[in-house]
Amino acid sequence: MKIFVDYDTTLINLIDPWVDWINKRYSVNITSNDINRWYFLGEVFDKTANDFWRSEEYNHYADKEFLLPFEGAVDFFHALEEKYGKSNVIIISATRKHHKEEKIKHAKYYFGITDEQFIASEKEKYEYTKDGILIDDYPLHVMEHIHHNNQKGIVFNYEDRFGWCKLHNYGLDEKFTKFSQITKNDNFSMATSYEQVLKELDDENY
Ligand SMILES: [Mg+2]
């Protein structure tokens with residue numbers, strides 16, 4: 001069994017530095033809970049609200065002290081490696097070309113991965129995850145994975161802090177419409193801590 005783990009906002013905290021950046025830039029006071037759909041920031045503010053992770057101007061991954069793993073993330077990742085074997089635990093991350101090199105270095109620095117343990121996805125994520133479980137903060141990636149691959153997927157919402165992961169907000173993202181039944185699928189689940197993910201994998205004998 002392979003375990004595919006998303007990077008941004010699943011293992012590392014991309015969201016708090018981004019929210020801080022937004023609050024300063026637009027003189028507002030939002031939290032990650034207010035971000036109730038994927039395109040919230042670009043729609044509520046303006047398209048440049050996504051520059052934080054999209055613009056070639058920034059390469060935050062190069063600064064190891066700026067984007068940090070969530071508390072418990074490193075232990076979680078190693079616990080997965082111990083259980084499934086190092087080569088079966090793979091970080092999968094949609095990656096801008098100008099971030100790729102530094103992002104992989106960042107992941108190596110914190111998680112001690114090999115090159116083979118990082119997929120910088122350029123296609124849809126589910127195309128890479130046919131033979132395993134996907135753990136990701138973006139519900140659409142999990143839904144598509146379950147729909148196309150008929151494998152388990154877990155929506156990860158660290159400490160239940162992200163609005164876009166919450167079931168009652170799924171109706172706000174029109175991309176989710178097609179997958180409204182997936183949330184009732186046995187392969188679909190949600191977790192708000194790394195312990196919960198590990199326990200669930202154990203309980204279900206994965
Ligand atoms: Mg993510």
# chains A, B, ... in the order shown; residues from 1 in each chain; ligands from 1
$ residues_near_ligand --ligand "ligand 1" --cutoff "7 Å" --atoms "only C-alpha atoms and all ligand atoms" --output "PDB file with N, CA and C atoms, in the first residue's frame"
ATOM      1  N   ASP A   6      -0.169  15.079   0.630  1.00  0.00           N
ATOM      2  CA  ASP A   6      -0.003  16.427   0.090  1.00  0.00           C
ATOM      3  C   ASP A   6       1.011  17.190   0.961  1.00  0.00           C
ATOM      4  N   TYR A   7       1.597  18.230   0.406  1.00  0.00           N
ATOM      5  CA  TYR A   7       2.618  18.984   1.166  1.00  0.00           C
ATOM      6  C   TYR A   7       2.056  20.279   1.765  1.00  0.00           C
ATOM      7  N   ASP A   8       1.676  21.222   0.896  1.00  0.00           N
ATOM      8  CA  ASP A   8       1.235  22.541   1.375  1.00  0.00           C
ATOM      9  C   ASP A   8      -0.073  22.425   2.161  1.00  0.00           C
ATOM     10  N   THR A   9      -0.035  22.855   3.371  1.00  0.00           N
ATOM     11  CA  THR A   9      -1.202  22.909   4.272  1.00  0.00           C
ATOM     12  C   THR A   9      -1.695  21.522   4.693  1.00  0.00           C
ATOM     13  N   THR A  10      -0.905  20.483   4.355  1.00  0.00           N
ATOM     14  CA  THR A  10      -1.150  19.164   4.950  1.00  0.00           C
ATOM     15  C   THR A  10       0.031  18.833   5.861  1.00  0.00           C
ATOM     16  N   ASP A 136      -4.980  14.826   1.893  1.00  0.00           N
ATOM     17  CA  ASP A 136      -4.853  16.139   1.254  1.00  0.00           C
ATOM     18  C   ASP A 136      -5.844  17.110   1.899  1.00  0.00           C
ATOM     19  N   ASP A 137      -5.439  18.369   2.007  1.00  0.00           N
ATOM     20  CA  ASP A 137      -6.372  19.345   2.594  1.00  0.00           C
ATOM     21  C   ASP A 137      -7.414  19.833   1.585  1.00  0.00           C
ATOM     22  N   TYR A 138      -7.166  19.631   0.310  1.00  0.00           N
ATOM     23  CA  TYR A 138      -8.128  20.142  -0.674  1.00  0.00           C
ATOM     24  C   TYR A 138      -9.150  19.050  -0.998  1.00  0.00           C
TER      25      TYR A 138
END
$ residues_around --residues "Ile90 (chain A)" --least-positions-apart "5" --cutoff "6 Å" --atoms "only C-alpha atoms" --output "MDAnalysis selection string"
chainID A and resid 4 117:118
$ write_last_selection --atoms "N, CA and C atoms" --output "PDB file, in the first residue's frame"
ATOM      1  N   PHE A   4       0.030   8.549  -0.246  1.00  0.00           N
ATOM      2  CA  PHE A   4       0.365   9.823  -0.884  1.00  0.00           C
ATOM      3  C   PHE A   4      -0.074  10.954   0.046  1.00  0.00           C
ATOM      4  N   GLN A 117      10.636  10.076  -3.361  1.00  0.00           N
ATOM      5  CA  GLN A 117       9.484  10.287  -2.473  1.00  0.00           C
ATOM      6  C   GLN A 117       8.790  11.629  -2.723  1.00  0.00           C
ATOM      7  N   PHE A 118       9.119  12.293  -3.797  1.00  0.00           N
ATOM      8  CA  PHE A 118       8.452  13.572  -4.081  1.00  0.00           C
ATOM      9  C   PHE A 118       7.918  13.578  -5.516  1.00  0.00           C
TER      10      PHE A 118
END
$ atom_distance --atom1 "CA of Lys123 (chain A)" --atom2 "CA of Gln151 (chain A)"
18.4 Å
$ closest_atom_pairs --of "region 60-102 of chain A" --to "region 17-41 of chain A" --cutoff "10 Å" --atoms "only C-alpha atoms" --output "Markdown table"
| residue | atom | partner | partner_atom | distance |
| --- | --- | --- | --- | --- |
| A:His60 | CA | A:Pro17 | CA | 9.8 |
| A:Phe66 | CA | A:Pro17 | CA | 7.7 |
| A:Leu67 | CA | A:Pro17 | CA | 7.5 |
| A:Leu68 | CA | A:Pro17 | CA | 9.7 |
$ residues_around --residues "Lys178 (chain A)" --least-positions-apart "3" --cutoff "10 Å" --atoms "only C-alpha atoms" --output "list of chain:residue names"
A:Met143, A:Glu144, A:Glu174, A:Lys175, A:Gln181, A:Ile182
$ write_last_selection --atoms "C-alpha atoms" --output "mmCIF file, in the first residue's frame"
data_model
loop_
_atom_site.group_PDB
_atom_site.id
_atom_site.type_symbol
_atom_site.label_atom_id
_atom_site.label_comp_id
_atom_site.auth_asym_id
_atom_site.auth_seq_id
_atom_site.Cartn_x
_atom_site.Cartn_y
_atom_site.Cartn_z
ATOM 1 C CA MET A 143 -12.987 13.394 -4.182
ATOM 2 C CA GLU A 144 -11.406 12.955 -7.605
ATOM 3 C CA GLU A 174 -18.932 24.573 -7.820
ATOM 4 C CA LYS A 175 -16.176 22.127 -8.721
ATOM 5 C CA GLN A 181 -22.221 11.841 -3.332
ATOM 6 C CA ILE A 182 -18.558 11.049 -2.712
#
$ atom_distance --atom1 "CA of Thr192 (chain A)" --atom2 "CA of Ile135 (chain A)"
11.4 Å
